[in-house]
Structures are given as C-alpha cells and as structure tokens.
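Structure data follow from upload-v3.pdb (PDB, C-alpha atoms):
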```pdb
MODEL        1
ATOM      1  CA  MET E   1    -131.747-161.625-125.393  1.00  0.00           C
ATOM      2  CA  THR E   2    -129.297-163.030-127.927  1.00  0.00           C
ATOM      3  CA  THR E   3    -126.266-161.164-129.181  1.00  0.00           C
ATOM      4  CA  GLU E   4    -127.827-161.127-132.673  1.00  0.00           C
ATOM      5  CA  GLN E   5    -130.954-159.324-131.495  1.00  0.00           C
ATOM      6  CA  LEU E   6    -131.243-155.730-132.668  1.00  0.00           C
ATOM      7  CA  PRO E   7    -132.222-152.991-130.184  1.00  0.00           C
ATOM      8  CA  ASP E   8    -135.730-152.577-131.616  1.00  0.00           C
ATOM      9  CA  GLU E   9    -136.254-156.346-131.542  1.00  0.00           C
ATOM     10  CA  HIS E  10    -135.096-156.468-127.920  1.00  0.00           C
ATOM     11  CA  TRP E  11    -137.486-153.726-126.795  1.00  0.00           C
ATOM     12  CA  ASN E  12    -140.449-155.044-128.785  1.00  0.00           C
ATOM     13  CA  ALA E  13    -139.874-158.448-127.179  1.00  0.00           C
ATOM     14  CA  PHE E  14    -139.620-156.756-123.774  1.00  0.00           C
ATOM     15  CA  TYR E  15    -142.990-155.030-124.187  1.00  0.00           C
ATOM     16  CA  THR E  16    -144.646-158.105-125.677  1.00  0.00           C
ATOM     17  CA  GLU E  17    -143.926-160.139-122.520  1.00  0.00           C
ATOM     18  CA  HIS E  18    -146.835-158.439-120.709  1.00  0.00           C
ATOM     19  CA  GLU E  19    -149.935-156.523-121.738  1.00  0.00           C
ATOM     20  CA  GLN E  20    -148.706-153.615-119.620  1.00  0.00           C
ATOM     21  CA  ILE E  21    -145.159-153.114-118.372  1.00  0.00           C
ATOM     22  CA  TRP E  22    -145.272-149.853-116.442  1.00  0.00           C
ATOM     23  CA  SER E  23    -147.739-148.470-113.889  1.00  0.00           C
ATOM     24  CA  GLY E  24    -149.425-145.999-116.236  1.00  0.00           C
ATOM     25  CA  LYS E  25    -148.500-143.175-113.869  1.00  0.00           C
ATOM     26  CA  PRO E  26    -145.909-140.480-114.657  1.00  0.00           C
ATOM     27  CA  ASN E  27    -142.508-140.691-112.980  1.00  0.00           C
ATOM     28  CA  VAL E  28    -142.615-139.018-109.560  1.00  0.00           C
ATOM     29  CA  ALA E  29    -139.383-137.048-109.973  1.00  0.00           C
ATOM     30  CA  PHE E  30    -140.522-135.949-113.432  1.00  0.00           C
ATOM     31  CA  VAL E  31    -143.787-134.551-112.057  1.00  0.00           C
ATOM     32  CA  ASP E  32    -141.959-132.763-109.233  1.00  0.00           C
ATOM     33  CA  GLU E  33    -139.588-131.013-111.635  1.00  0.00           C
ATOM     34  CA  VAL E  34    -142.033-130.175-114.433  1.00  0.00           C
ATOM     35  CA  SER E  35    -145.140-129.102-112.500  1.00  0.00           C
ATOM     36  CA  GLY E  36    -143.986-125.477-112.183  1.00  0.00           C
ATOM     37  CA  LEU E  37    -143.056-124.998-115.840  1.00  0.00           C
ATOM     38  CA  THR E  38    -145.177-123.034-118.313  1.00  0.00           C
ATOM     39  CA  PRO E  39    -146.637-125.407-120.911  1.00  0.00           C
ATOM     40  CA  GLY E  40    -145.130-125.236-124.379  1.00  0.00           C
ATOM     41  CA  ARG E  41    -143.481-127.745-126.711  1.00  0.00           C
ATOM     42  CA  ALA E  42    -142.111-130.882-125.071  1.00  0.00           C
ATOM     43  CA  LEU E  43    -139.965-133.760-126.274  1.00  0.00           C
ATOM     44  CA  ASP E  44    -140.185-137.053-124.358  1.00  0.00           C
ATOM     45  CA  LEU E  45    -137.260-139.345-125.195  1.00  0.00           C
ATOM     46  CA  GLY E  46    -137.849-143.018-124.447  1.00  0.00           C
ATOM     47  CA  CYS E  47    -141.548-142.491-123.748  1.00  0.00           C
ATOM     48  CA  GLY E  48    -142.420-146.167-123.260  1.00  0.00           C
ATOM     49  CA  GLU E  49    -146.155-146.648-122.814  1.00  0.00           C
ATOM     50  CA  GLY E  50    -146.694-142.893-122.696  1.00  0.00           C
ATOM     51  CA  ALA E  51    -147.542-141.961-119.093  1.00  0.00           C
ATOM     52  CA  ASP E  52    -145.280-138.886-118.940  1.00  0.00           C
ATOM     53  CA  ALA E  53    -146.344-137.646-122.381  1.00  0.00           C
ATOM     54  CA  ILE E  54    -150.020-138.039-121.544  1.00  0.00           C
ATOM     55  CA  TRP E  55    -149.537-136.207-118.236  1.00  0.00           C
ATOM     56  CA  LEU E  56    -147.901-133.327-120.115  1.00  0.00           C
ATOM     57  CA  ALA E  57    -150.632-133.184-122.744  1.00  0.00           C
ATOM     58  CA  GLN E  58    -153.324-133.103-120.065  1.00  0.00           C
ATOM     59  CA  ARG E  59    -151.661-129.968-118.713  1.00  0.00           C
ATOM     60  CA  GLY E  60    -151.529-128.080-121.979  1.00  0.00           C
ATOM     61  CA  TRP E  61    -148.218-129.169-123.478  1.00  0.00           C
ATOM     62  CA  THR E  62    -147.818-130.106-127.134  1.00  0.00           C
ATOM     63  CA  VAL E  63    -145.727-133.263-127.038  1.00  0.00           C
ATOM     64  CA  THR E  64    -143.439-135.164-129.369  1.00  0.00           C
ATOM     65  CA  ALA E  65    -142.964-138.593-127.780  1.00  0.00           C
ATOM     66  CA  VAL E  66    -140.280-140.974-129.003  1.00  0.00           C
ATOM     67  CA  ASP E  67    -139.498-144.619-128.422  1.00  0.00           C
ATOM     68  CA  ILE E  68    -137.658-147.392-130.231  1.00  0.00           C
ATOM     69  CA  SER E  69    -140.478-149.908-129.645  1.00  0.00           C
ATOM     70  CA  THR E  70    -143.450-149.862-131.988  1.00  0.00           C
ATOM     71  CA  VAL E  71    -145.279-152.072-129.474  1.00  0.00           C
ATOM     72  CA  ALA E  72    -144.860-149.452-126.735  1.00  0.00           C
ATOM     73  CA  LEU E  73    -145.829-146.624-129.080  1.00  0.00           C
ATOM     74  CA  GLY E  74    -149.002-148.427-130.124  1.00  0.00           C
ATOM     75  CA  ARG E  75    -150.042-148.839-126.504  1.00  0.00           C
ATOM     76  CA  ALA E  76    -149.141-145.240-125.724  1.00  0.00           C
ATOM     77  CA  ALA E  77    -151.297-143.934-128.568  1.00  0.00           C
ATOM     78  CA  GLU E  78    -154.251-145.994-127.335  1.00  0.00           C
ATOM     79  CA  HIS E  79    -153.805-144.688-123.787  1.00  0.00           C
ATOM     80  CA  ALA E  80    -153.615-141.096-125.050  1.00  0.00           C
ATOM     81  CA  LYS E  81    -156.777-141.513-127.087  1.00  0.00           C
ATOM     82  CA  ALA E  82    -158.570-142.954-124.067  1.00  0.00           C
ATOM     83  CA  ALA E  83    -157.380-139.977-121.997  1.00  0.00           C
ATOM     84  CA  GLY E  84    -158.711-137.534-124.603  1.00  0.00           C
ATOM     85  CA  VAL E  85    -155.323-136.064-125.540  1.00  0.00           C
ATOM     86  CA  GLY E  86    -154.405-138.086-128.601  1.00  0.00           C
ATOM     87  CA  ASP E  87    -154.395-134.961-130.775  1.00  0.00           C
ATOM     88  CA  ARG E  88    -151.774-133.242-128.590  1.00  0.00           C
ATOM     89  CA  ILE E  89    -149.097-135.935-128.919  1.00  0.00           C
ATOM     90  CA  ASP E  90    -147.012-136.859-131.963  1.00  0.00           C
ATOM     91  CA  TRP E  91    -145.737-140.422-131.460  1.00  0.00           C
ATOM     92  CA  GLN E  92    -142.497-141.121-133.340  1.00  0.00           C
ATOM     93  CA  GLN E  93    -140.369-144.255-133.645  1.00  0.00           C
ATOM     94  CA  HIS E  94    -136.624-143.580-133.479  1.00  0.00           C
ATOM     95  CA  GLU E  95    -133.510-145.510-132.602  1.00  0.00           C
ATOM     96  CA  LEU E  96    -132.042-142.397-131.048  1.00  0.00           C
ATOM     97  CA  GLY E  97    -128.427-143.226-131.784  1.00  0.00           C
ATOM     98  CA  LYS E  98    -129.326-143.214-135.490  1.00  0.00           C
ATOM     99  CA  SER E  99    -132.209-140.767-135.900  1.00  0.00           C
ATOM    100  CA  PHE E 100    -133.698-137.920-133.905  1.00  0.00           C
ATOM    101  CA  PRO E 101    -136.956-135.926-134.056  1.00  0.00           C
ATOM    102  CA  ASP E 102    -136.915-132.527-135.732  1.00  0.00           C
ATOM    103  CA  GLY E 103    -137.756-129.303-133.952  1.00  0.00           C
ATOM    104  CA  GLU E 104    -136.935-127.116-130.990  1.00  0.00           C
ATOM    105  CA  PHE E 105    -138.528-127.669-127.592  1.00  0.00           C
ATOM    106  CA  ASP E 106    -139.243-125.796-124.355  1.00  0.00           C
ATOM    107  CA  LEU E 107    -138.807-129.044-122.409  1.00  0.00           C
ATOM    108  CA  VAL E 108    -136.718-132.067-123.325  1.00  0.00           C
ATOM    109  CA  SER E 109    -137.146-135.006-120.957  1.00  0.00           C
ATOM    110  CA  ALA E 110    -135.009-138.150-120.863  1.00  0.00           C
ATOM    111  CA  GLN E 111    -136.321-140.449-118.151  1.00  0.00           C
ATOM    112  CA  PHE E 112    -134.200-143.516-117.355  1.00  0.00           C
ATOM    113  CA  LEU E 113    -132.539-143.672-120.754  1.00  0.00           C
ATOM    114  CA  HIS E 114    -130.644-146.904-120.094  1.00  0.00           C
ATOM    115  CA  SER E 115    -130.453-150.076-122.130  1.00  0.00           C
ATOM    116  CA  LYS E 116    -128.842-153.500-121.970  1.00  0.00           C
ATOM    117  CA  THR E 117    -128.453-153.191-125.742  1.00  0.00           C
ATOM    118  CA  GLU E 118    -126.051-150.776-127.411  1.00  0.00           C
ATOM    119  CA  LEU E 119    -127.053-147.199-126.604  1.00  0.00           C
ATOM    120  CA  PRO E 120    -124.838-144.146-127.220  1.00  0.00           C
ATOM    121  CA  ARG E 121    -126.382-142.366-124.222  1.00  0.00           C
ATOM    122  CA  ASP E 122    -123.926-139.469-123.990  1.00  0.00           C
ATOM    123  CA  GLY E 123    -124.330-138.613-127.656  1.00  0.00           C
ATOM    124  CA  ILE E 124    -128.113-138.809-127.422  1.00  0.00           C
ATOM    125  CA  LEU E 125    -128.180-136.478-124.414  1.00  0.00           C
ATOM    126  CA  ARG E 126    -125.897-133.993-126.186  1.00  0.00           C
ATOM    127  CA  ARG E 127    -128.313-134.055-129.108  1.00  0.00           C
ATOM    128  CA  ALA E 128    -131.157-133.535-126.642  1.00  0.00           C
ATOM    129  CA  ALA E 129    -129.456-130.445-125.211  1.00  0.00           C
ATOM    130  CA  ALA E 130    -128.996-129.045-128.705  1.00  0.00           C
ATOM    131  CA  VAL E 131    -132.755-128.978-129.393  1.00  0.00           C
ATOM    132  CA  VAL E 132    -133.686-127.146-126.171  1.00  0.00           C
ATOM    133  CA  ALA E 133    -135.041-123.675-127.005  1.00  0.00           C
ATOM    134  CA  ARG E 134    -133.711-120.522-125.358  1.00  0.00           C
ATOM    135  CA  GLY E 135    -135.200-120.397-121.879  1.00  0.00           C
ATOM    136  CA  GLY E 136    -136.101-124.078-122.120  1.00  0.00           C
ATOM    137  CA  VAL E 137    -135.326-126.949-119.764  1.00  0.00           C
ATOM    138  CA  LEU E 138    -133.444-130.224-120.157  1.00  0.00           C
ATOM    139  CA  LEU E 139    -134.508-132.818-117.576  1.00  0.00           C
ATOM    140  CA  ILE E 140    -132.539-136.060-117.209  1.00  0.00           C
ATOM    141  CA  GLU E 141    -133.494-138.760-114.735  1.00  0.00           C
ATOM    142  CA  GLY E 142    -131.326-141.837-114.388  1.00  0.00           C
ATOM    143  CA  HIS E 143    -130.688-144.878-112.254  1.00  0.00           C
ATOM    144  CA  LEU E 144    -127.528-145.125-110.156  1.00  0.00           C
ATOM    145  CA  GLY E 145    -127.427-148.924-110.260  1.00  0.00           C
ATOM    146  CA  PHE E 146    -129.375-152.082-110.908  1.00  0.00           C
ATOM    147  CA  PRO E 147    -132.345-152.858-108.640  1.00  0.00           C
ATOM    148  CA  PRO E 148    -131.653-155.084-105.633  1.00  0.00           C
ATOM    149  CA  GLY E 149    -131.627-158.739-106.626  1.00  0.00           C
ATOM    150  CA  GLU E 150    -131.245-158.043-110.348  1.00  0.00           C
ATOM    151  CA  HIS E 151    -130.157-161.246-112.066  1.00  0.00           C
ATOM    152  CA  ASN E 152    -127.270-161.262-114.553  1.00  0.00           C
ATOM    153  CA  PRO E 153    -126.251-157.629-114.139  1.00  0.00           C
ATOM    154  CA  HIS E 154    -124.159-156.127-116.927  1.00  0.00           C
ATOM    155  CA  PRO E 155    -120.900-154.904-115.377  1.00  0.00           C
ATOM    156  CA  ASP E 156    -120.073-152.851-118.482  1.00  0.00           C
ATOM    157  CA  LEU E 157    -123.223-150.732-118.117  1.00  0.00           C
ATOM    158  CA  HIS E 158    -122.249-147.524-116.297  1.00  0.00           C
ATOM    159  CA  PHE E 159    -124.730-145.488-114.273  1.00  0.00           C
ATOM    160  CA  PRO E 160    -123.308-141.933-114.091  1.00  0.00           C
ATOM    161  CA  GLU E 161    -123.577-139.638-111.085  1.00  0.00           C
ATOM    162  CA  PRO E 162    -125.237-136.228-111.622  1.00  0.00           C
ATOM    163  CA  ASP E 163    -121.946-134.347-112.079  1.00  0.00           C
ATOM    164  CA  GLU E 164    -120.818-136.952-114.631  1.00  0.00           C
ATOM    165  CA  VAL E 165    -124.046-136.435-116.575  1.00  0.00           C
ATOM    166  CA  ILE E 166    -123.525-132.679-116.712  1.00  0.00           C
ATOM    167  CA  GLU E 167    -119.866-133.014-117.683  1.00  0.00           C
ATOM    168  CA  SER E 168    -120.683-135.483-120.445  1.00  0.00           C
ATOM    169  CA  LEU E 169    -123.044-132.967-122.075  1.00  0.00           C
ATOM    170  CA  GLY E 170    -120.122-130.692-122.965  1.00  0.00           C
ATOM    171  CA  LEU E 171    -122.279-127.581-122.635  1.00  0.00           C
ATOM    172  CA  PRO E 172    -120.834-124.200-123.708  1.00  0.00           C
ATOM    173  CA  ASP E 173    -119.757-121.984-120.809  1.00  0.00           C
ATOM    174  CA  GLY E 174    -122.292-119.377-119.807  1.00  0.00           C
ATOM    175  CA  GLU E 175    -125.195-120.747-121.849  1.00  0.00           C
ATOM    176  CA  TRP E 176    -126.803-122.982-119.228  1.00  0.00           C
ATOM    177  CA  GLU E 177    -127.879-122.817-115.600  1.00  0.00           C
ATOM    178  CA  THR E 178    -127.940-125.887-113.362  1.00  0.00           C
ATOM    179  CA  LEU E 179    -131.261-125.938-111.516  1.00  0.00           C
ATOM    180  CA  VAL E 180    -131.030-129.419-109.971  1.00  0.00           C
ATOM    181  CA  SER E 181    -128.149-131.873-109.634  1.00  0.00           C
ATOM    182  CA  ARG E 182    -128.830-134.506-107.018  1.00  0.00           C
ATOM    183  CA  ALA E 183    -128.896-138.188-106.135  1.00  0.00           C
ATOM    184  CA  HIS E 184    -131.956-139.451-104.286  1.00  0.00           C
ATOM    185  CA  ASP E 185    -133.788-142.558-103.124  1.00  0.00           C
ATOM    186  CA  ARG E 186    -137.019-143.738-104.717  1.00  0.00           C
ATOM    187  CA  ALA E 187    -139.413-146.388-103.471  1.00  0.00           C
ATOM    188  CA  GLN E 188    -140.600-148.819-106.142  1.00  0.00           C
ATOM    189  CA  VAL E 189    -142.925-151.818-106.140  1.00  0.00           C
ATOM    190  CA  LEU E 190    -141.981-154.620-108.516  1.00  0.00           C
ATOM    191  CA  ARG E 191    -144.496-156.476-110.687  1.00  0.00           C
ATOM    192  CA  ASP E 192    -144.689-159.289-108.124  1.00  0.00           C
ATOM    193  CA  GLY E 193    -145.569-156.783-105.399  1.00  0.00           C
ATOM    194  CA  VAL E 194    -142.162-156.731-103.727  1.00  0.00           C
ATOM    195  CA  PRO E 195    -141.176-153.213-102.549  1.00  0.00           C
ATOM    196  CA  ILE E 196    -137.602-152.125-103.239  1.00  0.00           C
ATOM    197  CA  ASN E 197    -135.549-148.963-102.902  1.00  0.00           C
ATOM    198  CA  ARG E 198    -133.846-147.508-105.981  1.00  0.00           C
ATOM    199  CA  ARG E 199    -131.085-144.949-106.034  1.00  0.00           C
ATOM    200  CA  ASP E 200    -131.618-142.431-108.840  1.00  0.00           C
ATOM    201  CA  CYS E 201    -130.275-139.071-109.959  1.00  0.00           C
ATOM    202  CA  THR E 202    -131.883-135.936-111.320  1.00  0.00           C
ATOM    203  CA  VAL E 203    -130.254-133.323-113.539  1.00  0.00           C
ATOM    204  CA  LYS E 204    -132.286-130.275-114.518  1.00  0.00           C
ATOM    205  CA  LEU E 205    -130.739-127.522-116.637  1.00  0.00           C
ATOM    206  CA  ARG E 206    -132.110-124.312-118.126  1.00  0.00           C
ATOM    207  CA  ARG E 207    -130.793-122.746-121.296  1.00  0.00           C
ATOM    208  CA  HIS E 208    -130.289-118.973-121.000  1.00  0.00           C
TER     209      HIS E 208
ENDMDL
END
```
Translate the structure described by the file into structure tokens.
Amino acid sequence: MTTEQLPDEHWNAFYTEHEQIWSGKPNVAFVDEVSGLTPGRALDLGCGEGADAIWLAQRGWTVTAVDISTVALGRAAEHAKAAGVGDRIDWQQHELGKSFPDGEFDLVSAQFLHSKTELPRDGILRRAAAVVARGGVLLIEGHLGFPPGEHNPHPDLHFPEPDEVIESLGLPDGEWETLVSRAHDRAQVLRDGVPINRRDCTVKLRRH
C-alpha cells in the first residue's frame, strides 16, 4: 500500500489479491453472541464477503450490510443469492467515517473493524450505538494485537481492551446494560494452513 492510496482503493486491492479472502463461515464469537437473539433488523458494519450477514438472513433477520470495498460487496451479493437469501440483505457501500446507513436496528454488529488505512473507529462505533433501537444490541468484536509473525506491524494502530471500547462509546448513564465484556483466545488457520492463536475481545451491550 502506498501513502497515496485511498481507503477504498486499499480494500479493493486487498480483495482482488485472491478470489476468496475469508472462510465463508460466520465469526465464531458472533454466532455465540447472536444465536439467542430474536430476529429483527440487523446492521453489519464491515461485512466483507458477507458470511455474517448471510447467516443472519438465513435465520430470519432483515440485514443491512455495509463495506467500503465494492469488490467484497459484489462477492457477498453473489454468495447471498446462491444461499437463497439475496432478497433479505441490502448491500451498501460506505466509507464509514464519511457516510453511514440510515435506519434504526435491533442488532448492530461491528466485527474486527480495524484498518491499516485511516479509520475513525471510535467515532464510527459511537455512530453505531446511536442507531441501536430500544431493547436492541450492539456487538463489537475486535483484535487485541497483530497475528503472530505479522510483517511490518503498524505501531500506531491501537487495539483497545474491552473496557476501553466501552469507555470510548461515551454512552449516557443508565441507558445501556453491559452483557459481555471479555478478552478471549481464538484459534485461527491462516491461508497457508498454519494454525495460530489470536487474542480478541468481545463487547456486547443492550440498550434499555
């Protein structure tokens, strides 16, 4: 990536490197936290190739799925059509620091919203909290560091702990309940088949 490359250019180039980047399966922590919720309207921020959004749609949710990459969104729409749920998902292209989907949602999910390009993550997550409906859930999953052996790590990229994530949201007193705030390990297999262990965090909040 060059310094002149815009965020959408970076992510389109990232997805163009391979015909498929991710496993096609929903995030494990996401499934664990969402499985018990009553289906309604969901917003998936940074949906990538669409696995989480498709999983939601298959279980009765109406989904708005957002990503900066038009390449990823095109793949996601094809996968959703193949899964028979294309009509339940509205795919939208947004650079979330500049634009945001309209509406109010029973579930807002931000899974691993990190970027090596400029990303106003705290502001985006505050915006995400603002569109959660009364009684709805905000689910944030994040990394707590680069994967083992990551080349050229970016020392200025901060990976916040769960309590930092909650504090950064600036939520009004008495309006939210913390359901989950934890750090945890997650096994991952890299594209070359090498297994690694990642350290992640989960924050799950319900609006009263």
Nearest residue to E:Ala183 from the set E:Ala29, E:Leu119, E:Ile124, E:Ile89 (distances using only C-alpha atoms) |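 Closest to E:Ala183, using only C-alpha atoms: E:Ala29.
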Could you pull the residues within 12 Å of E:Pro26, counting all atoms listed in the file, minus those fewer than 3 positions along the same chain, as a list in words?
->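 Near E:Pro26, the qualifying residues are Trp22, Ser23, Ala29, Phe30, Val31, Asp32, Glu33, Val34, Ser35, Asp44, Cys47, Gly48, Glu49, Gly50, Ala51, Asp52, Ala53, Ile54, Trp55, Leu56, Ala57, Gln58 and Gln111 of chain E.
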E:Leu171, E:Arg199, E:Pro120, E:Ala82 ranked by distance to E:Ser99, top pick (using all atoms listed in the file) |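 Of E:Leu171, E:Arg199, E:Pro120, E:Ala82, the one nearest E:Ser99, counting all atoms listed in the file, is E:Pro120.
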Output the residue selection produced by the PyMOL selection byres ((chain E and resi 128-139) around 10) on the file above, formatted as a ChimeraX atom specification.
-> /E:29-30,33-34,37-38,40-45,96,100-111,122-127,140-141,169-171,175-180,202-208
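You can rank E:Asp163, E:Asp173, E:Glu17, E:Asp67 by their closest distance to E:Leu113 using only C-alpha atoms, and at the top of that list sits E:Asp67.
Computed from the coordinates, the atom CA of E:Pro160 to atom CA of E:Asp200 distance equals 9.8 Å.
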